[in-house]
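Quick look at upload-v6.cif (mmCIF, C-alpha atoms):
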data_query
#
loop_
_atom_site.label_atom_id
_atom_site.label_comp_id
_atom_site.auth_asym_id
_atom_site.auth_seq_id
_atom_site.Cartn_x
_atom_site.Cartn_y
_atom_site.Cartn_z
CA MET A 1 31.92 53.97 12.49
CA LYS A 2 32.20 54.51 16.27
CA GLN A 3 28.43 54.86 16.55
CA LEU A 4 27.93 51.66 14.58
CA TYR A 5 30.36 49.78 16.82
CA ALA A 6 28.72 51.16 19.97
CA LYS A 7 25.30 50.07 18.73
CA TYR A 8 26.35 46.49 18.00
CA SER A 9 29.35 46.05 20.33
CA SER A 10 27.65 43.62 22.74
CA TYR A 11 26.41 41.54 19.81
CA TYR A 12 29.87 41.50 18.22
CA LYS A 13 31.34 40.20 21.46
CA ASP A 14 28.69 37.52 22.04
CA ASN A 15 28.77 36.38 18.43
CA PHE A 16 32.57 36.31 18.32
CA ASN A 17 32.86 34.23 21.49
CA LEU A 18 30.38 31.74 20.08
CA ALA A 19 31.65 31.86 16.51
CA TYR A 20 35.41 31.56 16.65
CA PRO A 21 35.49 27.96 17.96
CA VAL A 22 32.87 27.03 15.34
CA VAL A 23 34.94 28.77 12.65
CA ILE A 24 38.00 26.72 13.60
CA SER A 25 35.96 23.52 13.86
CA GLN A 26 34.29 24.08 10.49
CA LEU A 27 37.64 24.99 9.03
CA GLY A 28 38.87 21.61 10.18
CA HIS A 29 36.73 19.85 7.56
CA THR A 30 38.31 21.90 4.79
CA LEU A 31 41.80 21.69 6.24
CA VAL A 32 41.66 17.93 5.79
CA ALA A 33 41.23 18.42 2.03
CA LEU A 34 43.70 21.31 2.04
CA SER A 35 46.39 19.30 3.82
CA ASP A 36 45.70 16.38 1.46
CA SER A 37 46.38 18.69 -1.50
CA LEU A 38 49.48 20.23 0.08
CA ILE A 39 50.94 16.82 0.98
CA ILE A 40 50.32 15.22 -2.40
CA GLY A 41 50.84 18.30 -4.61
CA HIS A 42 54.62 18.07 -4.56
CA THR A 43 54.49 14.55 -6.01
CA GLY A 44 53.06 15.83 -9.32
CA LYS A 45 50.00 17.23 -11.07
CA VAL A 46 48.35 13.84 -11.75
CA PRO A 47 48.22 12.84 -8.04
CA LEU A 48 47.02 16.37 -7.21
CA ALA A 49 44.31 16.11 -9.86
CA ALA A 50 43.31 12.68 -8.46
CA VAL A 51 42.96 14.11 -4.95
CA SER A 52 41.05 17.05 -6.46
CA LEU A 53 38.60 14.70 -8.16
CA GLY A 54 38.16 12.53 -5.06
CA ASN A 55 37.70 15.43 -2.65
CA GLY A 56 35.45 17.24 -5.10
CA LEU A 57 33.09 14.28 -5.34
CA PHE A 58 33.28 13.46 -1.63
CA SER A 59 32.50 17.07 -0.72
CA ILE A 60 28.98 16.55 -2.05
CA PHE A 61 28.46 13.68 0.40
CA MET A 62 30.21 15.52 3.23
CA VAL A 63 28.01 18.60 2.97
CA THR A 64 24.97 16.32 2.77
CA GLY A 65 26.02 14.90 6.13
CA ILE A 66 26.74 18.35 7.56
CA GLY A 67 23.34 19.55 6.39
CA MET A 68 21.47 16.54 7.78
CA SER A 69 23.24 16.87 11.14
CA TYR A 70 22.35 20.58 11.21
CA GLY A 71 18.67 19.65 11.52
CA LEU A 72 19.41 19.16 15.22
CA THR A 73 21.11 22.48 16.05
CA PRO A 74 18.33 25.09 15.61
CA LEU A 75 15.81 22.81 17.34
CA ILE A 76 18.10 22.44 20.36
CA ALA A 77 18.84 26.17 20.34
CA GLN A 78 15.11 26.97 20.30
CA GLU A 79 14.26 24.48 23.09
CA ASN A 80 17.17 25.78 25.14
CA GLY A 81 15.90 29.33 24.60
CA ARG A 82 12.52 28.22 25.94
CA GLY A 83 14.19 26.51 28.92
CA ASN A 84 12.77 23.14 27.85
CA ARG A 85 15.66 20.79 28.70
CA SER A 86 13.57 17.62 28.73
CA GLN A 87 13.22 17.67 24.94
CA ILE A 88 16.92 18.06 24.17
CA GLY A 89 18.07 14.49 24.91
CA HIS A 90 15.09 13.16 22.98
CA LEU A 91 16.06 15.28 19.97
CA LEU A 92 19.65 14.02 20.18
CA SER A 93 18.76 10.32 20.19
CA ASN A 94 16.43 10.77 17.19
CA SER A 95 19.05 12.78 15.35
CA LEU A 96 21.69 10.11 16.00
CA VAL A 97 19.46 7.48 14.39
CA ILE A 98 18.98 9.66 11.31
CA ASN A 99 22.65 10.61 10.97
CA MET A 100 24.08 7.13 11.39
CA THR A 101 21.58 5.74 8.88
CA VAL A 102 22.61 8.45 6.42
CA GLY A 103 26.28 7.71 7.15
CA VAL A 104 26.00 3.99 6.42
CA LEU A 105 23.90 4.42 3.26
CA LEU A 106 26.11 7.10 1.73
CA SER A 107 29.28 5.21 2.64
CA ILE A 108 27.96 2.21 0.69
CA LEU A 109 27.00 4.49 -2.21
CA ILE A 110 30.49 6.01 -2.33
CA TYR A 111 32.16 2.60 -2.32
CA PHE A 112 30.18 1.18 -5.22
CA GLY A 113 30.02 4.52 -7.06
CA SER A 114 33.82 4.76 -7.09
CA ALA A 115 33.90 1.87 -9.56
CA HIS A 116 32.28 4.09 -12.18
CA LEU A 117 34.51 7.18 -12.10
CA ASP A 118 35.43 6.58 -15.73
CA LEU A 119 31.94 7.80 -16.66
CA LEU A 120 33.11 11.33 -15.78
CA LYS A 121 35.49 11.22 -18.77
CA GLN A 122 38.54 12.32 -16.82
CA GLU A 123 42.10 11.35 -17.74
CA ALA A 124 42.66 7.60 -17.19
CA ASP A 125 45.66 7.92 -14.86
CA VAL A 126 43.80 10.49 -12.74
CA VAL A 127 40.81 8.15 -12.37
CA GLU A 128 43.07 5.19 -11.49
CA GLN A 129 44.59 7.05 -8.54
CA ALA A 130 41.34 8.75 -7.47
CA ARG A 131 39.34 5.51 -7.10
CA PRO A 132 41.04 3.99 -4.00
CA PHE A 133 41.39 7.43 -2.43
CA LEU A 134 37.63 8.03 -2.75
CA ARG A 135 36.89 4.64 -1.17
CA TYR A 136 38.86 5.52 1.95
CA LEU A 137 36.98 8.81 2.12
CA GLY A 138 33.78 6.77 1.93
CA PHE A 139 34.87 4.61 4.88
CA SER A 140 35.51 7.81 6.87
CA PHE A 141 31.94 9.00 6.34
CA ILE A 142 30.42 6.92 9.16
CA PRO A 143 32.70 8.25 11.96
CA LEU A 144 32.32 11.73 10.43
CA MET A 145 28.54 11.54 10.94
CA LEU A 146 29.09 10.39 14.53
CA PHE A 147 31.33 13.40 15.15
CA LEU A 148 28.85 15.79 13.52
CA THR A 149 25.89 14.54 15.57
CA PHE A 150 27.50 15.25 18.94
CA LYS A 151 29.18 18.40 17.63
CA GLN A 152 25.82 19.87 16.65
CA PHE A 153 24.34 18.83 20.00
CA CYS A 154 27.06 20.67 21.93
CA GLU A 155 27.03 23.71 19.67
CA GLY A 156 23.24 23.99 19.83
CA LEU A 157 23.66 24.47 23.58
CA GLY A 158 26.36 27.08 23.03
CA PHE A 159 29.35 24.86 23.89
CA THR A 160 31.60 25.22 20.88
CA ARG A 161 35.19 24.89 22.07
CA GLN A 162 35.52 21.12 22.49
CA ALA A 163 34.72 20.42 18.83
CA MET A 164 37.31 23.06 17.94
CA ASN A 165 39.97 21.35 20.07
CA ILE A 166 39.19 17.93 18.63
CA SER A 167 39.32 19.32 15.07
CA ILE A 168 42.72 20.90 15.66
CA ILE A 169 44.21 17.70 17.09
CA GLY A 170 42.58 15.64 14.33
CA ASN A 171 44.13 17.77 11.62
CA ILE A 172 47.57 17.46 13.18
CA ILE A 173 47.18 13.68 13.24
CA ASN A 174 45.98 13.72 9.62
CA ILE A 175 49.05 15.67 8.48
CA ILE A 176 51.52 13.47 10.38
CA ILE A 177 50.04 10.20 9.12
CA GLY A 178 49.54 11.61 5.61
CA ILE A 179 53.15 12.76 5.17
CA SER A 180 54.45 9.51 6.65
CA LEU A 181 52.44 7.30 4.30
CA VAL A 182 52.72 9.41 1.15
CA TYR A 183 56.51 9.68 1.32
CA GLY A 184 57.25 6.42 3.15
CA LEU A 185 58.80 7.87 6.32
CA PHE A 186 59.75 5.91 9.45
CA GLY A 187 60.09 2.68 7.50
CA LEU A 188 56.50 2.79 6.25
CA PRO A 189 55.69 1.91 2.63
CA ARG A 190 55.49 4.79 0.13
CA MET A 191 51.76 4.79 -0.64
CA GLY A 192 51.12 8.05 -2.54
CA VAL A 193 47.47 9.04 -2.90
CA VAL A 194 46.25 5.97 -0.97
CA GLY A 195 48.30 7.11 2.04
CA VAL A 196 46.37 10.38 2.11
CA GLY A 197 43.09 8.43 2.14
CA ILE A 198 44.20 6.21 5.05
CA ALA A 199 45.28 9.29 7.02
CA THR A 200 41.90 10.97 6.53
CA PHE A 201 40.01 7.84 7.62
CA THR A 202 42.13 7.51 10.77
CA ASP A 203 41.66 11.18 11.61
CA ARG A 204 37.86 11.05 11.34
CA LEU A 205 37.58 7.80 13.27
CA LEU A 206 39.48 9.26 16.23
CA MET A 207 37.48 12.51 16.06
CA GLY A 208 34.13 10.69 16.04
CA VAL A 209 34.96 8.51 19.04
CA THR A 210 36.46 11.38 21.05
CA MET A 211 33.53 13.76 20.44
CA THR A 212 31.02 11.07 21.46
CA ILE A 213 32.82 10.26 24.72
CA TYR A 214 33.09 13.96 25.59
CA ALA A 215 29.40 14.72 25.00
CA LEU A 216 28.09 11.67 26.87
CA ARG A 217 30.45 11.84 29.88
CA SER A 218 30.87 15.56 30.51
CA PRO A 219 28.96 16.64 33.68
CA ARG A 220 27.83 19.86 31.97
CA PHE A 221 25.52 17.90 29.66
CA LYS A 222 23.99 15.57 32.26
CA ALA A 223 20.84 17.67 32.69
CA TYR A 224 20.27 17.71 28.92
CA LEU A 225 20.68 13.94 28.41
CA GLN A 226 17.94 12.67 30.72
CA ASN A 227 15.80 11.59 27.76
CA PHE A 228 18.68 10.37 25.60
CA ASN A 229 17.68 6.79 24.80
CA PHE A 230 16.58 4.70 21.86
CA GLU A 231 13.39 3.38 23.41
CA ASN A 232 11.46 6.53 22.57
CA ILE A 233 12.24 7.14 18.90
CA LYS A 234 9.20 8.91 17.49
CA ALA A 235 8.17 9.36 13.89
CA ALA A 236 7.00 12.92 14.64
CA THR A 237 10.41 13.87 16.05
CA LEU A 238 12.26 12.22 13.16
CA LYS A 239 10.05 14.15 10.75
CA LYS A 240 10.69 17.40 12.62
CA ILE A 241 14.47 16.97 12.43
CA LEU A 242 14.35 15.86 8.80
CA GLY A 243 12.12 18.85 8.04
CA ILE A 244 15.07 21.11 8.76
CA GLY A 245 18.00 18.79 8.02
CA THR A 246 16.89 17.72 4.54
CA PRO A 247 16.44 21.25 3.11
CA VAL A 248 19.71 22.37 4.74
CA ALA A 249 21.47 19.38 3.17
CA LEU A 250 19.99 20.35 -0.19
CA GLN A 251 21.24 23.92 0.26
CA TYR A 252 24.76 22.65 0.82
CA ILE A 253 24.44 20.15 -2.01
CA PHE A 254 23.28 22.72 -4.56
CA GLU A 255 26.23 25.02 -3.84
CA VAL A 256 29.01 22.47 -3.37
CA SER A 257 27.83 20.21 -6.19
CA ALA A 258 27.90 23.24 -8.46
CA PHE A 259 31.61 23.62 -7.73
CA SER A 260 32.08 19.85 -8.09
CA GLY A 261 30.19 19.95 -11.37
CA ALA A 262 32.48 22.76 -12.39
CA ALA A 263 35.45 20.50 -11.54
CA VAL A 264 34.12 17.88 -13.95
CA MET A 265 33.83 20.48 -16.72
CA VAL A 266 37.31 21.77 -15.95
CA GLY A 267 38.60 18.18 -16.05
CA TRP A 268 37.56 18.03 -19.72
CA MET A 269 40.06 20.83 -20.33
CA GLY A 270 43.08 18.90 -18.95
CA ALA A 271 44.97 17.86 -15.81
CA ALA A 272 46.71 21.25 -15.45
CA GLU A 273 43.40 23.10 -15.46
CA LEU A 274 41.88 20.64 -12.99
CA ALA A 275 44.88 20.91 -10.66
CA ALA A 276 44.68 24.73 -10.80
CA HIS A 277 40.94 24.56 -10.14
CA GLN A 278 41.61 22.38 -7.09
CA ILE A 279 44.18 24.80 -5.71
CA ALA A 280 41.94 27.86 -6.06
CA LEU A 281 38.88 25.95 -4.88
CA SER A 282 40.61 24.54 -1.79
CA LEU A 283 41.62 28.07 -0.75
CA ALA A 284 38.15 29.46 -1.45
CA ALA A 285 36.59 26.49 0.38
CA MET A 286 38.74 27.25 3.40
CA THR A 287 37.44 30.82 3.62
CA TYR A 288 33.90 29.57 2.97
CA MET A 289 34.11 27.21 5.93
CA MET A 290 35.35 30.07 8.10
CA ALA A 291 32.31 32.08 7.00
CA SER A 292 30.06 29.07 7.62
CA GLY A 293 31.34 29.03 11.20
CA ILE A 294 30.01 32.57 11.63
CA SER A 295 26.84 31.38 9.92
CA ALA A 296 26.45 28.46 12.35
CA ALA A 297 26.92 30.78 15.32
CA ALA A 298 24.38 33.20 13.82
CA GLY A 299 21.94 30.32 13.50
CA ILE A 300 22.41 29.34 17.14
CA LYS A 301 21.86 32.92 18.34
CA SER A 302 18.82 33.43 16.11
CA GLY A 303 17.40 30.10 17.34
CA ASN A 304 17.90 31.10 20.98
CA ASN A 305 16.33 34.52 20.43
CA PHE A 306 13.49 33.03 18.40
CA GLY A 307 12.76 30.59 21.24
CA ARG A 308 12.68 33.51 23.70
CA ARG A 309 10.64 35.59 21.23
CA ASP A 310 13.21 38.37 21.51
CA PHE A 311 12.95 39.47 17.89
CA LYS A 312 14.78 42.76 18.32
CA SER A 313 17.88 40.98 19.62
CA LEU A 314 17.46 38.39 16.90
CA ARG A 315 17.71 41.01 14.18
CA MET A 316 20.52 42.97 15.85
CA SER A 317 22.56 39.83 16.40
CA ALA A 318 22.03 38.74 12.79
CA ILE A 319 23.14 42.12 11.42
CA ALA A 320 26.24 41.93 13.64
CA SER A 321 27.01 38.56 12.04
CA TYR A 322 26.71 40.15 8.60
CA HIS A 323 29.21 42.81 9.66
CA MET A 324 31.63 40.19 10.97
CA VAL A 325 31.55 38.09 7.81
CA LEU A 326 32.08 41.15 5.61
CA VAL A 327 35.24 42.02 7.56
CA LEU A 328 36.49 38.42 7.40
CA MET A 329 35.81 37.89 3.70
CA GLY A 330 37.03 41.36 2.77
CA THR A 331 40.36 40.47 4.38
CA THR A 332 40.61 37.13 2.55
CA ALA A 333 39.70 38.86 -0.71
CA LEU A 334 42.74 41.11 -0.33
CA LEU A 335 44.88 38.08 0.53
CA PHE A 336 43.77 36.27 -2.64
CA MET A 337 44.27 39.35 -4.78
CA PHE A 338 47.78 40.22 -3.63
CA GLY A 339 48.95 36.65 -3.00
CA ASN A 340 47.51 35.10 -6.14
CA HIS A 341 50.89 33.96 -7.46
CA LEU A 342 52.46 33.03 -4.13
CA LEU A 343 49.63 30.91 -2.69
CA PRO A 344 49.50 28.32 -5.54
CA GLN A 345 53.23 27.72 -5.12
CA LEU A 346 52.52 26.27 -1.68
CA TYR A 347 50.86 23.38 -3.52
CA ILE A 348 52.92 22.80 -6.63
CA GLN A 349 55.87 24.21 -8.61
CA ASP A 350 54.42 23.54 -12.06
CA ASN A 351 54.48 26.95 -13.84
CA GLN A 352 51.45 26.20 -16.00
CA VAL A 353 49.29 25.18 -13.02
CA VAL A 354 50.46 28.16 -10.92
CA SER A 355 49.66 30.61 -13.75
CA ILE A 356 46.11 29.29 -14.18
CA ALA A 357 45.47 29.16 -10.42
CA ALA A 358 46.71 32.75 -10.03
CA ARG A 359 44.08 33.98 -12.49
CA LEU A 360 41.35 31.99 -10.72
CA LEU A 361 42.27 33.49 -7.35
CA ILE A 362 41.55 36.97 -8.71
CA ILE A 363 38.02 35.81 -9.51
CA ALA A 364 37.80 34.12 -6.11
CA ALA A 365 38.74 37.45 -4.50
CA PHE A 366 35.68 39.06 -6.10
CA PHE A 367 33.23 36.46 -4.86
CA GLN A 368 34.46 36.35 -1.23
CA LEU A 369 31.96 38.95 0.01
CA PHE A 370 29.03 37.31 -1.77
CA ASP A 371 29.99 33.84 -0.54
CA GLY A 372 30.20 35.09 3.03
CA THR A 373 26.94 37.03 3.08
CA GLN A 374 24.93 34.26 1.43
CA VAL A 375 26.06 31.66 3.97
CA VAL A 376 25.28 33.96 6.92
CA GLY A 377 21.85 34.63 5.44
CA LEU A 378 21.24 30.88 5.28
CA GLY A 379 22.41 30.45 8.89
CA VAL A 380 20.14 33.13 10.33
CA LEU A 381 17.11 31.82 8.44
CA ARG A 382 17.84 28.24 9.61
CA GLY A 383 17.72 29.44 13.19
CA LEU A 384 14.18 30.63 12.50
CA GLY A 385 13.28 27.30 10.94
CA ASP A 386 12.93 29.01 7.54
CA VAL A 387 14.58 26.54 5.18
CA ARG A 388 12.32 25.89 2.19
CA ILE A 389 12.47 29.22 0.34
CA PRO A 390 16.25 29.52 0.91
CA THR A 391 16.62 26.03 -0.60
CA VAL A 392 14.80 27.15 -3.74
CA ILE A 393 17.04 30.23 -3.91
CA THR A 394 20.22 28.12 -3.80
CA LEU A 395 18.87 25.78 -6.50
CA LEU A 396 18.09 28.70 -8.81
CA ALA A 397 21.37 30.51 -8.17
CA TYR A 398 23.72 27.58 -8.70
CA TRP A 399 22.04 25.06 -10.97
CA VAL A 400 19.56 27.11 -12.99
CA LEU A 401 22.01 30.00 -13.45
CA GLY A 402 25.59 29.13 -12.41
CA ILE A 403 26.32 25.74 -14.00
CA PRO A 404 24.53 26.30 -17.35
CA LEU A 405 26.20 29.70 -17.69
CA GLY A 406 29.54 28.11 -16.74
CA TYR A 407 29.18 25.57 -19.55
CA PHE A 408 28.20 28.30 -21.98
CA LEU A 409 31.09 30.62 -21.09
CA GLY A 410 33.72 27.97 -20.45
CA ILE A 411 32.98 25.35 -23.10
CA THR A 412 30.72 26.88 -25.77
CA LEU A 413 32.39 30.30 -25.97
CA GLY A 414 35.83 28.88 -25.17
CA PHE A 415 36.73 31.06 -22.17
CA GLY A 416 37.94 27.94 -20.39
CA VAL A 417 38.22 27.55 -16.64
CA GLU A 418 37.96 31.31 -16.05
CA GLY A 419 34.60 31.41 -17.82
CA VAL A 420 33.35 28.67 -15.49
CA TRP A 421 34.48 30.63 -12.44
CA TRP A 422 32.89 33.92 -13.56
CA ALA A 423 29.59 32.07 -13.88
CA LEU A 424 29.93 30.67 -10.36
CA LEU A 425 30.60 34.19 -9.09
CA LEU A 426 27.33 35.40 -10.62
CA GLY A 427 25.48 32.54 -8.92
CA LEU A 428 26.91 33.55 -5.53
CA LEU A 429 25.92 37.18 -6.13
CA VAL A 430 22.31 36.25 -6.90
CA ALA A 431 22.07 33.95 -3.87
CA SER A 432 23.55 36.61 -1.58
CA VAL A 433 21.10 39.32 -2.63
CA LEU A 434 17.98 37.12 -2.52
CA LEU A 435 18.83 35.62 0.87
CA PHE A 436 19.46 39.06 2.38
CA VAL A 437 16.08 40.25 1.08
CA ARG A 438 14.47 37.15 2.63
CA PHE A 439 16.22 37.79 5.97
CA HIS A 440 15.26 41.48 6.00
CA THR A 441 11.61 40.81 5.16
CA LYS A 442 11.25 37.92 7.60
CA THR A 443 12.83 39.62 10.63
CA LYS A 444 11.02 42.92 10.04
CA LYS A 445 7.73 41.01 9.99
CA LEU A 446 8.57 39.27 13.27
CA GLU A 447 9.46 42.59 14.90
CA SER A 448 6.19 44.15 13.72
CA GLN A 449 4.12 41.24 15.03
CA ALA A 450 5.83 41.46 18.43
CA GLU A 451 4.97 45.18 18.71
CA ILE A 452 1.28 44.61 18.10
#
Target format structure tokens, applied to this file:
Amino acid sequence: MKQLYAKYSSYYKDNFNLAYPVVISQLGHTLVALSDSLIIGHTGKVPLAAVSLGNGLFSIFMVTGIGMSYGLTPLIAQENGRGNRSQIGHLLSNSLVINMTVGVLLSILIYFGSAHLDLLKQEADVVEQARPFLRYLGFSFIPLMLFLTFKQFCEGLGFTRQAMNISIIGNIINIIIGISLVYGLFGLPRMGVVGVGIATFTDRLLMGVTMTIYALRSPRFKAYLQNFNFENIKAATLKKILGIGTPVALQYIFEVSAFSGAAVMVGWMGAAELAAHQIALSLAAMTYMMASGISAAAGIKSGNNFGRRDFKSLRMSAIASYHMVLVLMGTTALLFMFGNHLLPQLYIQDNQVVSIAARLLIIAAFFQLFDGTQVVGLGVLRGLGDVRIPTVITLLAYWVLGIPLGYFLGITLGFGVEGVWWALLLGLLVASVLLFVRFHTKTKKLESQAEI
């Protein structure tokens, strides 16, 4: 163990310093949904199920936005590794055009799509409360894309702390406004689920504006913004960014939509099952976003090393990221396993919901390691610009295997919500193994080519 640490110690340190602000910033996205669930959960299982449905559906759009914005990060990391600052501002302006267009279009889609939630065949009172909540989430999508654009710009250059600070403050604001509006504090009207939606919109609006002002006015970015303008938007640059962003978005969509699709299936089983699913999923999503922070940092480092053609450091740094995520997710697995009855009680006191959620957290404990390693594999490969094969892997793992098997185990064979979750675990296992094989093969090939 000492020899292993000595071999990778410098990489652990570099990766940790880059990763921990990204982990906290990424965690901020999930903490919004988590705080929504915690705030509303004590008002009853129907409001909690409504928030579960709304956040579950919105998460598909959110990860689409995260994926599209991520098309910028490895390109900036690679250009920065090459010392080519003149291209970075140009990349940012083209990425901003893409991201804001995506933000507006998907916000419109969410608004009009919310009118048709009844097609999902959920309980009527759950749908009634979920509809206005989802619309406020849709309004928040545009400032979220603004925040993500400048966040990815800063992180691609290795500056990760400001987004972390903004995320922390934003989550505090979200909690304060959410509690005040849900329970009618300080003379405000008691708004229930709608109050949570208003709080989330306000939080993301403030975060988007603050992140933009920081990136454009900070002296440290002046040298990188010389070509930041909208007079030189080029089709070739847009295509280059979309060539990475679109597959990354699809990777996120395939995984998260699988869990959202699972939520729909669980909703057919009843409000208690759906509420329990939301509790377990929100906890698992929180640890996933922590792992995705390590993944994002791994992608930045691999992009920098790829740009410098330092393939030995690329591989060593990537393996160090694998080690880090295994430690993190191993710890959370133990937390889920030994706290499986206590953690759900933070959300709700309904004995039926707590009992179901406790069983799901045992399954979640098993898939922590696979969830962490698959997302790090994706991050490293994105840094290399390798996105197409990993996208196919995620499609096969979650939608060709996970969801059909979940329906078969959960609905056809009658194993219920636990059958659905065991199927999702198998999908994560398959994705983890295939992505590691892809990483190992790809980086070994690069090392061999460099030695010739």
- Message: Give me, as a list of chain:residue names, all polymer residues having an atom no more than 10 Å from A:Arg131, counting all atoms listed in the file and skipping those fewer than 6 positions away in the same chain.
- Response: A:Ala50, A:Val51, A:Leu53, A:Gly54, A:Tyr111, A:Gly113, A:Ser114, A:Ala115, A:His116, A:Leu117, A:Asp118, A:Val193, A:Val194
- Item | Near-A:Ala262 list (9 Å; only C-alpha atoms; drop same-chain fewer than 2 positions) as a list in words | Ser257, Ala258, Phe259, Ser260, Val264, Met265, Val266, Gly267, His277, Ile403, Gly406, Tyr407, Val417, Val420, Trp421 and Leu424 of chain A
- Task: Identify all residues satisfying the PyMOL selection byres ((chain A and resi 302-304) around 7) in the given file; provide them as a ChimeraX atom specification.
- Result: /A:74,77-78,80-81,298-301,305-308,314,380,383-384
- Counting all atoms listed in the file, the residue of A:Met164, A:Ala275, A:Ile60, A:Lys234 that sits nearest A:Val97: A:Lys234
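Distance annotation: of A:Val387, A:Leu328, A:Val392, A:Ile98, the residue with the minimal separation from A:Gly243 is A:Val387; atom set is all atoms listed in the file.
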- Check which residues satisfy the PyMOL selection byres ((chain A and resi 206) around 12) in the file shown, then give them as JSON, numbers by chain. {"A": [140, 142, 143, 144, 146, 147, 166, 167, 169, 170, 171, 172, 173, 174, 199, 200, 201, 202, 203, 204, 205, 207, 208, 209, 210, 211, 212, 213]}
- Task: Starting from the shown file, work through the PyMOL selection byres ((chain A and resi 348-357) around 10) and note down what comes out as number ranges by chain.
- Result: A: 37-45, 48, 271-281, 340-347, 358-362, 417-418
Same residues, C-alpha atoms, output as a compact mmCIF listing (two decimals), in the coordinates of the input:
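Result went into out.txt, see below:
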# COMPACT_ATOMS: atom_id res chain seq x y z
CA SER A 37 46.38 18.69 -1.50
CA LEU A 38 49.48 20.23 0.08
CA ILE A 39 50.94 16.82 0.98
CA ILE A 40 50.32 15.22 -2.40
CA GLY A 41 50.84 18.30 -4.61
CA HIS A 42 54.62 18.07 -4.56
CA THR A 43 54.49 14.55 -6.01
CA GLY A 44 53.06 15.83 -9.32
CA LYS A 45 50.00 17.23 -11.07
CA LEU A 48 47.02 16.37 -7.21
CA ALA A 271 44.97 17.86 -15.81
CA ALA A 272 46.71 21.25 -15.45
CA GLU A 273 43.40 23.10 -15.46
CA LEU A 274 41.88 20.64 -12.99
CA ALA A 275 44.88 20.91 -10.66
CA ALA A 276 44.68 24.73 -10.80
CA HIS A 277 40.94 24.56 -10.14
CA GLN A 278 41.61 22.38 -7.09
CA ILE A 279 44.18 24.80 -5.71
CA ALA A 280 41.94 27.86 -6.06
CA LEU A 281 38.88 25.95 -4.88
CA ASN A 340 47.51 35.10 -6.14
CA HIS A 341 50.89 33.96 -7.46
CA LEU A 342 52.46 33.03 -4.13
CA LEU A 343 49.63 30.91 -2.69
CA PRO A 344 49.50 28.32 -5.54
CA GLN A 345 53.23 27.72 -5.12
CA LEU A 346 52.52 26.27 -1.68
CA TYR A 347 50.86 23.38 -3.52
CA ALA A 358 46.71 32.75 -10.03
CA ARG A 359 44.08 33.98 -12.49
CA LEU A 360 41.35 31.99 -10.72
CA LEU A 361 42.27 33.49 -7.35
CA ILE A 362 41.55 36.97 -8.71
CA VAL A 417 38.22 27.55 -16.64
CA GLU A 418 37.96 31.31 -16.05
- Which polymer residues have any atom within 10 Å of an atom of A:Val104, counting only C-alpha atoms, with same-chain residues fewer than 2 positions away left out, as an MDAnalysis selection string? chainID A and resid 99:102 106:109 138:139 141:143 145
Any chance you can output those residues with C-alpha atoms as a short mmCIF file (atom, residue, chain, number, x, y, z; two decimals), in the coordinates of the input?
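Saved as part_34.cif:
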data_model
loop_
_atom_site.label_atom_id
_atom_site.label_comp_id
_atom_site.auth_asym_id
_atom_site.auth_seq_id
_atom_site.Cartn_x
_atom_site.Cartn_y
_atom_site.Cartn_z
CA ASN A 99 22.65 10.61 10.97
CA MET A 100 24.08 7.13 11.39
CA THR A 101 21.58 5.74 8.88
CA VAL A 102 22.61 8.45 6.42
CA LEU A 106 26.11 7.10 1.73
CA SER A 107 29.28 5.21 2.64
CA ILE A 108 27.96 2.21 0.69
CA LEU A 109 27.00 4.49 -2.21
CA GLY A 138 33.78 6.77 1.93
CA PHE A 139 34.87 4.61 4.88
CA PHE A 141 31.94 9.00 6.34
CA ILE A 142 30.42 6.92 9.16
CA PRO A 143 32.70 8.25 11.96
CA MET A 145 28.54 11.54 10.94
#
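Comparing the minimum interatomic distances between A:Ala263 and each of A:Gly410, A:Ala297, A:Ser86, A:Phe186, counting all atoms listed in the file, we find that A:Gly410 sits nearest.
Minimum atom-to-atom distance to A:Asp14, evaluated using all atoms listed in the file, belongs to A:Ile294 out of A:Met191, A:Ile177, A:Met289, A:Ile294.
For the pair atom CA of A:Val256 and atom CA of A:Gly65, the interatomic distance is 12.5 Å.
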- Query: Given the choices A:Leu75, A:Ile389, A:Ala431, A:Ile363, which gets closest to A:Ile244 if the distance is worked out from only C-alpha atoms?
  - Reply: A:Leu75
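The nearest approach to A:Phe230 among the residues A:Gly261, A:Gly187, A:Gly293, A:Gly89, with only C-alpha atoms taken into account, belongs to A:Gly89.
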- Contacts of A:Val182 at 7 Å or less, counting all atoms listed in the file, minus same-chain residues fewer than 4 places along, as a VMD selection string? chain A and resid 178 190 to 193 195 to 196
Extending 5 Å beyond the listed atoms of stretch 171-178 of chain A on each side, what axis-aligned box results? I want centre and edge lengths in Å to one decimal, as JSON.
{"center_x": 47.8, "center_y": 14.0, "center_z": 9.4, "size_x": 17.4, "size_y": 17.6, "size_z": 17.6}
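In this model, the gap between atom CA of A:Asn84 and atom CA of A:Lys13 comes to 26.0 Å.
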- Item | Point-to-point distance in Å for atom CA of A:Phe336 and atom CA of A:Asn165 | 27.4 Å
Env of A:Ala296: 8 Å cut, atoms = only C-alpha atoms, seq-sep filter 5 positions within chain, self excluded. Answer as a PDB file with C-alpha atoms, in the frame of the given file.
ATOM      1  CA  ALA A  19      31.650  31.860  16.510  1.00  0.00           C
ATOM      2  CA  VAL A  22      32.870  27.030  15.340  1.00  0.00           C
ATOM      3  CA  VAL A 376      25.280  33.960   6.920  1.00  0.00           C
ATOM      4  CA  GLY A 379      22.410  30.450   8.890  1.00  0.00           C
TER       5      GLY A 379
END
